[in-house]
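Before any comments, here is the structure.
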Amino acid sequence: MSRSPDAAADLGRSALIPQPEGALRVITGGERGTPVLLLSGAGNDNVSLSWRRAIPVLAEEHRVFALDWPKQGASTPWDGVADHERMLACIDAVLDHFALEAASIVGLSQGGALALAYAIERPERVERLVALAPAGILSFPPVIHQMLWLTAKSRLLNRTLPSWIFRSRAACAWVARSSLFGGPVDDFDEIVDEYHADVVAHGSGSSDWQNASIGFLRMRVDLRPRLSEIRHPTLIIQGSADKAVPPAQSRAAAALIPGARFELIEGGGHWSNRQCPQRVNDLIADFLRPADSSREGEG
């Protein structure tokens, strides 16, 4: 059975941050510890789909803030384009609203790209950095790149057709098996139900960020030339069976960040956080935990 329209309502307290184009919804959890901001992926993703298995774990030791990007989850409606610069400003808005001078940032896919970009552009506001299968580090062969550009420019291809196709639950299940996961998932049916309900409620397709990030000849958002500027403790997590972000490209990106740690999840797909939640949550929790503290000693 599908979850309620507000699928993340059971994950924590909900806050709305007014913006000129609409409102940003943030789920908060945890009463103590350092702040952690969670950034989900693109398309039919949201706080619940990305972080349902992570929020309760991280909230044991941290104050957690999980953002629904514009046009996702409860951050709808949104009257404007949510491109790269606007998305970075959304992170500013969340930190400012909760009076956070800085936070550790954990991002998945699109959220991983924006976490890396935020560390480059606003280094003083980032403590530690975790990127799962990050976008923003990819390049594509000629012809394939131009086909992706054409898709990004055509509302028929990037919105109308996907919204029609994925109104079928079977189509949602197919894309989850073929593109998001690299193996069995304990709560697969629940994820597909929620994914399908989100399509029915909001339509489907690529995000403004994805559409605006690709130019005709090259990517407009390519963080690789500036990754060496990142000086924060950084962890890159990558599924070995990811069909969206090639592991070799994320490993190469990690090598460009001074001191970055790279962890490969064997058999994990693009959503390794949902396919292998215990493994991924343990990696994130251990990385975010100060070396000189313990669960009992944090306050």
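Simple scheme: letters A, B, ... for chains in structure tokens order, numbers from 1 for residues in each chain, numbers from 1 for ligands in the order shown.
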* Test item: residues at most 9 Å from segment 262-266 of chain A, only C-alpha atoms, excluding those fewer than 5 positions along its chain, as number ranges by chain -> A: 234-241, 247, 250-251, 254-255, 272, 276, 279-280, 283
To test your reading of the structure, identify every residue in segment 53-198 of chain A that backbone DSSP assigns to helix (DSSP H, G or I), and report it as a tab-separated table (two decimals) with N, CA and C atoms, in the first residue's frame.
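The result, stored in out.tsv:
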chain	number	residue	atom	x	y	z
A	55	ILE	N	17.87	8.55	8.60
A	55	ILE	CA	17.53	9.58	9.58
A	55	ILE	C	17.49	9.02	11.00
A	56	PRO	N	16.81	7.90	11.27
A	56	PRO	CA	16.79	7.40	12.67
A	56	PRO	C	18.16	7.05	13.20
A	57	VAL	N	19.05	6.55	12.34
A	57	VAL	CA	20.40	6.19	12.77
A	57	VAL	C	21.21	7.43	13.09
A	58	LEU	N	21.21	8.40	12.19
A	58	LEU	CA	22.02	9.60	12.39
A	58	LEU	C	21.47	10.47	13.51
A	84	HIS	N	21.47	25.22	-10.74
A	84	HIS	CA	22.60	24.99	-9.82
A	84	HIS	C	22.72	26.09	-8.78
A	85	GLU	N	22.75	27.35	-9.22
A	85	GLU	CA	22.93	28.45	-8.27
A	85	GLU	C	21.75	28.55	-7.32
A	86	ARG	N	20.55	28.30	-7.83
A	86	ARG	CA	19.37	28.38	-6.94
A	86	ARG	C	19.39	27.27	-5.90
A	87	MET	N	19.87	26.12	-6.28
A	87	MET	CA	19.95	25.01	-5.33
A	87	MET	C	20.99	25.29	-4.24
A	88	LEU	N	22.11	25.87	-4.62
A	88	LEU	CA	23.10	26.26	-3.60
A	88	LEU	C	22.49	27.27	-2.64
A	89	ALA	N	21.68	28.20	-3.17
A	89	ALA	CA	21.02	29.17	-2.31
A	89	ALA	C	20.01	28.51	-1.39
A	90	CYS	N	19.42	27.40	-1.82
A	90	CYS	CA	18.51	26.66	-0.93
A	90	CYS	C	19.26	26.12	0.29
A	91	ILE	N	20.48	25.66	0.08
A	91	ILE	CA	21.28	25.20	1.22
A	91	ILE	C	21.56	26.36	2.16
A	92	ASP	N	21.92	27.52	1.61
A	92	ASP	CA	22.08	28.73	2.44
A	92	ASP	C	20.82	28.98	3.26
A	93	ALA	N	19.67	28.89	2.62
A	93	ALA	CA	18.41	29.20	3.29
A	93	ALA	C	18.16	28.26	4.46
A	94	VAL	N	18.48	26.97	4.29
A	94	VAL	CA	18.28	26.01	5.38
A	94	VAL	C	19.21	26.32	6.55
A	95	LEU	N	20.48	26.52	6.27
A	95	LEU	CA	21.43	26.81	7.35
A	95	LEU	C	21.06	28.12	8.06
A	96	ASP	N	20.67	29.13	7.29
A	96	ASP	CA	20.30	30.40	7.90
A	96	ASP	C	19.04	30.27	8.75
A	97	HIS	N	18.05	29.54	8.25
A	97	HIS	CA	16.78	29.40	8.97
A	97	HIS	C	16.99	28.77	10.33
A	110	GLN	N	22.40	13.84	-7.30
A	110	GLN	CA	22.31	15.29	-7.44
A	110	GLN	C	22.70	15.98	-6.14
A	111	GLY	N	22.23	15.45	-5.01
A	111	GLY	CA	22.59	16.02	-3.72
A	111	GLY	C	24.07	15.90	-3.44
A	112	GLY	N	24.71	14.83	-3.94
A	112	GLY	CA	26.15	14.69	-3.78
A	112	GLY	C	26.91	15.75	-4.55
A	113	ALA	N	26.45	16.04	-5.77
A	113	ALA	CA	27.07	17.10	-6.56
A	113	ALA	C	26.95	18.44	-5.85
A	114	LEU	N	25.77	18.72	-5.31
A	114	LEU	CA	25.56	20.01	-4.65
A	114	LEU	C	26.29	20.09	-3.32
A	115	ALA	N	26.47	18.96	-2.65
A	115	ALA	CA	27.29	18.95	-1.43
A	115	ALA	C	28.73	19.29	-1.77
A	116	LEU	N	29.28	18.68	-2.82
A	116	LEU	CA	30.64	18.99	-3.24
A	116	LEU	C	30.76	20.44	-3.68
A	117	ALA	N	29.79	20.92	-4.46
A	117	ALA	CA	29.84	22.30	-4.94
A	117	ALA	C	29.74	23.28	-3.79
A	118	TYR	N	28.91	22.96	-2.79
A	118	TYR	CA	28.76	23.86	-1.65
A	118	TYR	C	30.07	23.95	-0.86
A	119	ALA	N	30.76	22.82	-0.74
A	119	ALA	CA	32.05	22.84	-0.04
A	119	ALA	C	33.07	23.69	-0.78
A	120	ILE	N	32.96	23.73	-2.10
A	120	ILE	CA	33.86	24.56	-2.90
A	120	ILE	C	33.49	26.03	-2.78
A	121	GLU	N	32.21	26.34	-2.90
A	121	GLU	CA	31.76	27.73	-2.95
A	121	GLU	C	31.59	28.36	-1.57
A	123	PRO	N	33.08	27.19	1.71
A	123	PRO	CA	33.86	26.27	2.55
A	123	PRO	C	33.70	26.52	4.04
A	124	GLU	N	33.45	27.76	4.42
A	124	GLU	CA	33.33	28.09	5.83
A	124	GLU	C	32.06	27.53	6.47
A	125	ARG	N	31.12	27.07	5.66
A	125	ARG	CA	29.84	26.59	6.18
A	125	ARG	C	29.76	25.06	6.19
A	144	ILE	N	26.09	10.65	-27.53
A	144	ILE	CA	25.32	10.39	-26.30
A	144	ILE	C	25.11	11.69	-25.55
A	145	HIS	N	26.17	12.51	-25.46
A	145	HIS	CA	26.05	13.80	-24.78
A	145	HIS	C	24.98	14.65	-25.48
A	146	GLN	N	25.01	14.70	-26.80
A	146	GLN	CA	24.04	15.53	-27.53
A	146	GLN	C	22.61	14.99	-27.37
A	147	MET	N	22.47	13.68	-27.28
A	147	MET	CA	21.14	13.11	-27.05
A	147	MET	C	20.63	13.50	-25.66
A	148	LEU	N	21.52	13.51	-24.68
A	148	LEU	CA	21.12	13.93	-23.33
A	148	LEU	C	20.76	15.40	-23.32
A	149	TRP	N	21.53	16.22	-24.06
A	149	TRP	CA	21.22	17.65	-24.16
A	149	TRP	C	19.85	17.86	-24.78
A	150	LEU	N	19.57	17.12	-25.86
A	150	LEU	CA	18.27	17.25	-26.51
A	150	LEU	C	17.14	16.87	-25.57
A	151	THR	N	17.32	15.81	-24.83
A	151	THR	CA	16.32	15.40	-23.84
A	151	THR	C	16.10	16.49	-22.81
A	152	ALA	N	17.20	17.09	-22.34
A	152	ALA	CA	17.10	18.15	-21.33
A	152	ALA	C	16.35	19.37	-21.85
A	153	LYS	N	16.42	19.61	-23.15
A	153	LYS	CA	15.77	20.79	-23.74
A	153	LYS	C	14.31	20.56	-24.11
A	155	ARG	N	10.63	19.39	-23.19
A	155	ARG	CA	9.71	19.03	-22.12
A	155	ARG	C	8.96	17.74	-22.43
A	156	LEU	N	8.72	17.50	-23.71
A	156	LEU	CA	8.07	16.24	-24.09
A	156	LEU	C	8.90	15.05	-23.63
A	157	LEU	N	10.23	15.13	-23.84
A	157	LEU	CA	11.11	14.01	-23.52
A	157	LEU	C	11.46	13.95	-22.04
A	158	ASN	N	11.65	15.12	-21.40
A	158	ASN	CA	12.13	15.08	-20.01
A	158	ASN	C	11.02	15.16	-18.97
A	159	ARG	N	9.76	15.39	-19.42
A	159	ARG	CA	8.68	15.51	-18.44
A	159	ARG	C	7.41	14.79	-18.86
A	160	THR	N	6.89	15.12	-20.05
A	160	THR	CA	5.59	14.59	-20.44
A	160	THR	C	5.60	13.07	-20.59
A	161	LEU	N	6.53	12.54	-21.37
A	161	LEU	CA	6.58	11.09	-21.57
A	161	LEU	C	6.91	10.33	-20.30
A	162	PRO	N	7.93	10.76	-19.51
A	162	PRO	CA	8.18	10.04	-18.26
A	162	PRO	C	6.98	10.05	-17.32
A	163	SER	N	6.26	11.16	-17.24
A	163	SER	CA	5.10	11.23	-16.36
A	163	SER	C	4.02	10.25	-16.81
A	164	TRP	N	3.88	10.08	-18.12
A	164	TRP	CA	2.90	9.13	-18.64
A	164	TRP	C	3.34	7.69	-18.42
A	165	ILE	N	4.60	7.40	-18.73
A	165	ILE	CA	5.11	6.03	-18.63
A	165	ILE	C	5.08	5.54	-17.18
A	169	ARG	N	2.72	1.37	-12.11
A	169	ARG	CA	3.56	0.85	-11.04
A	169	ARG	C	4.58	-0.14	-11.58
A	170	ALA	N	4.19	-0.93	-12.58
A	170	ALA	CA	5.12	-1.90	-13.15
A	170	ALA	C	6.34	-1.21	-13.76
A	171	ALA	N	6.11	-0.05	-14.39
A	171	ALA	CA	7.24	0.71	-14.96
A	171	ALA	C	8.15	1.23	-13.86
A	172	CYS	N	7.56	1.68	-12.75
A	172	CYS	CA	8.37	2.14	-11.62
A	172	CYS	C	9.21	1.00	-11.06
A	173	ALA	N	8.61	-0.19	-10.95
A	173	ALA	CA	9.35	-1.35	-10.45
A	173	ALA	C	10.48	-1.72	-11.39
A	174	TRP	N	10.21	-1.63	-12.70
A	174	TRP	CA	11.25	-1.95	-13.68
A	174	TRP	C	12.44	-1.00	-13.57
A	175	VAL	N	12.19	0.30	-13.49
A	175	VAL	CA	13.31	1.25	-13.43
A	175	VAL	C	14.06	1.10	-12.11
A	176	ALA	N	13.36	0.76	-11.02
A	176	ALA	CA	14.04	0.55	-9.75
A	176	ALA	C	14.99	-0.65	-9.85
A	177	ARG	N	14.50	-1.75	-10.42
A	177	ARG	CA	15.36	-2.95	-10.54
A	177	ARG	C	16.51	-2.72	-11.51
A	178	SER	N	16.24	-2.05	-12.62
A	178	SER	CA	17.24	-1.94	-13.68
A	178	SER	C	18.22	-0.79	-13.49
A	179	SER	N	17.80	0.28	-12.81
A	179	SER	CA	18.63	1.49	-12.75
A	179	SER	C	19.05	1.91	-11.36
A	180	LEU	N	18.26	1.59	-10.33
A	180	LEU	CA	18.54	2.11	-9.00
A	180	LEU	C	19.24	1.12	-8.08
A	188	PHE	N	11.80	-3.55	-1.01
A	188	PHE	CA	11.63	-3.16	-2.41
A	188	PHE	C	10.19	-2.73	-2.71
A	189	ASP	N	9.22	-3.52	-2.29
A	189	ASP	CA	7.82	-3.18	-2.62
A	189	ASP	C	7.40	-1.87	-1.99
A	190	GLU	N	7.84	-1.60	-0.78
A	190	GLU	CA	7.50	-0.32	-0.13
A	190	GLU	C	8.12	0.84	-0.90
A	191	ILE	N	9.35	0.68	-1.35
A	191	ILE	CA	10.01	1.74	-2.11
A	191	ILE	C	9.27	1.99	-3.42
A	192	VAL	N	8.91	0.93	-4.12
A	192	VAL	CA	8.19	1.09	-5.39
A	192	VAL	C	6.83	1.74	-5.16
A	193	ASP	N	6.13	1.33	-4.11
A	193	ASP	CA	4.84	1.96	-3.80
A	193	ASP	C	5.00	3.45	-3.59
A	194	GLU	N	6.01	3.82	-2.84
A	194	GLU	CA	6.23	5.24	-2.54
A	194	GLU	C	6.67	6.01	-3.79
A	195	TYR	N	7.55	5.40	-4.56
A	195	TYR	CA	8.01	6.00	-5.81
A	195	TYR	C	6.83	6.23	-6.75
A	196	HIS	N	5.98	5.21	-6.90
A	196	HIS	CA	4.81	5.31	-7.77
A	196	HIS	C	3.84	6.38	-7.27
A	197	ALA	N	3.60	6.44	-5.96
A	197	ALA	CA	2.71	7.45	-5.41
A	197	ALA	C	3.24	8.85	-5.68
A	198	ASP	N	4.56	9.02	-5.65
A	198	ASP	CA	5.15	10.33	-5.93
A	198	ASP	C	4.95	10.71	-7.39
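Between Leu217 of chain A and the residues A:Pro141, A:Pro18, A:Gly12, A:Gly269, the shortest atom-to-atom distance, using only C-alpha atoms, involves A:Pro141.
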* DSSP on the backbone, then: every residue of segment 61-299 of chain A marked strand (DSSP E), written as a ChimeraX atom specification. => /A:63-67,103-108,126-132,234-239,261-265
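Atom pair atom CA of Asn281 of chain A / atom CA of Leu138 of chain A: separated by 25.1 Å.
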* Got a sec: who's within 7 Å of Ile137 of chain A, counting only C-alpha atoms, leaving out chain neighbours fewer than 5 positions off, as a PyMOL selection string? -> chain A and resi 222-224+253
Write a file of the just-selected residues containing all heavy atoms, as an mmCIF file, in the first residue's frame.
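Below is the file out.cif, written as the result:
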data_model
loop_
_atom_site.group_PDB
_atom_site.id
_atom_site.type_symbol
_atom_site.label_atom_id
_atom_site.label_comp_id
_atom_site.auth_asym_id
_atom_site.auth_seq_id
_atom_site.Cartn_x
_atom_site.Cartn_y
_atom_site.Cartn_z
ATOM 1 N N ASP A 222 30.547 20.819 -14.073
ATOM 2 C CA ASP A 222 31.595 19.805 -13.988
ATOM 3 C C ASP A 222 32.537 20.250 -12.881
ATOM 4 O O ASP A 222 33.311 21.192 -13.039
ATOM 5 C CB ASP A 222 32.342 19.669 -15.314
ATOM 6 C CG ASP A 222 33.361 18.528 -15.291
ATOM 7 O OD1 ASP A 222 33.643 17.998 -14.192
ATOM 8 O OD2 ASP A 222 33.864 18.161 -16.367
ATOM 9 N N LEU A 223 32.437 19.595 -11.746
ATOM 10 C CA LEU A 223 33.164 20.024 -10.558
ATOM 11 C C LEU A 223 34.613 19.558 -10.529
ATOM 12 O O LEU A 223 35.384 20.014 -9.683
ATOM 13 C CB LEU A 223 32.444 19.504 -9.305
ATOM 14 C CG LEU A 223 30.975 19.895 -9.163
ATOM 15 C CD1 LEU A 223 30.348 19.177 -7.978
ATOM 16 C CD2 LEU A 223 30.821 21.406 -9.015
ATOM 17 N N ARG A 224 34.996 18.680 -11.415
ATOM 18 C CA ARG A 224 36.318 18.063 -11.331
ATOM 19 C C ARG A 224 37.480 19.052 -11.344
ATOM 20 O O ARG A 224 38.434 18.866 -10.570
ATOM 21 C CB ARG A 224 36.464 17.019 -12.449
ATOM 22 C CG ARG A 224 35.596 15.780 -12.217
ATOM 23 C CD ARG A 224 35.594 14.837 -13.392
ATOM 24 N NE ARG A 224 34.935 15.424 -14.548
ATOM 25 C CZ ARG A 224 34.729 14.770 -15.688
ATOM 26 N NH1 ARG A 224 35.130 13.513 -15.808
ATOM 27 N NH2 ARG A 224 34.110 15.363 -16.697
ATOM 28 N N ALA A 253 37.281 11.001 -9.029
ATOM 29 C CA ALA A 253 36.929 12.260 -8.382
ATOM 30 C C ALA A 253 37.440 12.299 -6.948
ATOM 31 O O ALA A 253 37.961 13.326 -6.483
ATOM 32 C CB ALA A 253 35.417 12.453 -8.409
#
* Would you please work out which residue, of A:Ala8, A:Ala133, A:Ile17, A:Ala66, is nearest to Val245 of chain A when using only C-alpha atoms? => A:Ala133
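In terms of minimum interatomic distance to Val185 of chain A, A:Asn273 ranks closest within A:Ser206, A:Asn273, A:Ser228, A:Ser14, counting only C-alpha atoms.
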Segment 26-145 of chain A residues near segment 286-290 of chain A within 12 Å, closest pair each, using only C-alpha atoms, as a Markdown table:
| residue | atom | partner | partner_atom | distance |
| --- | --- | --- | --- | --- |
| A:Gly33 | CA | A:Arg289 | CA | 9.4 |
| A:Thr34 | CA | A:Leu288 | CA | 8.8 |
| A:Pro35 | CA | A:Leu288 | CA | 10.0 |
| A:Val36 | CA | A:Leu288 | CA | 8.6 |
| A:Leu37 | CA | A:Leu288 | CA | 11.6 |
| A:Val57 | CA | A:Asp286 | CA | 11.1 |
| A:Leu58 | CA | A:Leu288 | CA | 9.1 |
| A:Ala59 | CA | A:Leu288 | CA | 11.8 |
| A:Glu60 | CA | A:Arg289 | CA | 11.1 |
| A:Glu61 | CA | A:Arg289 | CA | 8.0 |
| A:His62 | CA | A:Leu288 | CA | 9.0 |
| A:Arg63 | CA | A:Leu288 | CA | 11.8 |
| A:Val64 | CA | A:Leu288 | CA | 11.9 |
| A:Ala103 | CA | A:Leu288 | CA | 10.7 |
| A:Ser104 | CA | A:Leu288 | CA | 7.7 |
| A:Ile105 | CA | A:Leu288 | CA | 9.7 |
| A:Val106 | CA | A:Leu288 | CA | 9.7 |
| A:Glu127 | CA | A:Leu288 | CA | 9.4 |
| A:Arg128 | CA | A:Leu288 | CA | 7.0 |
| A:Leu129 | CA | A:Leu288 | CA | 8.6 |
| A:Val130 | CA | A:Phe287 | CA | 8.5 |
| A:Ala131 | CA | A:Phe287 | CA | 11.9 |
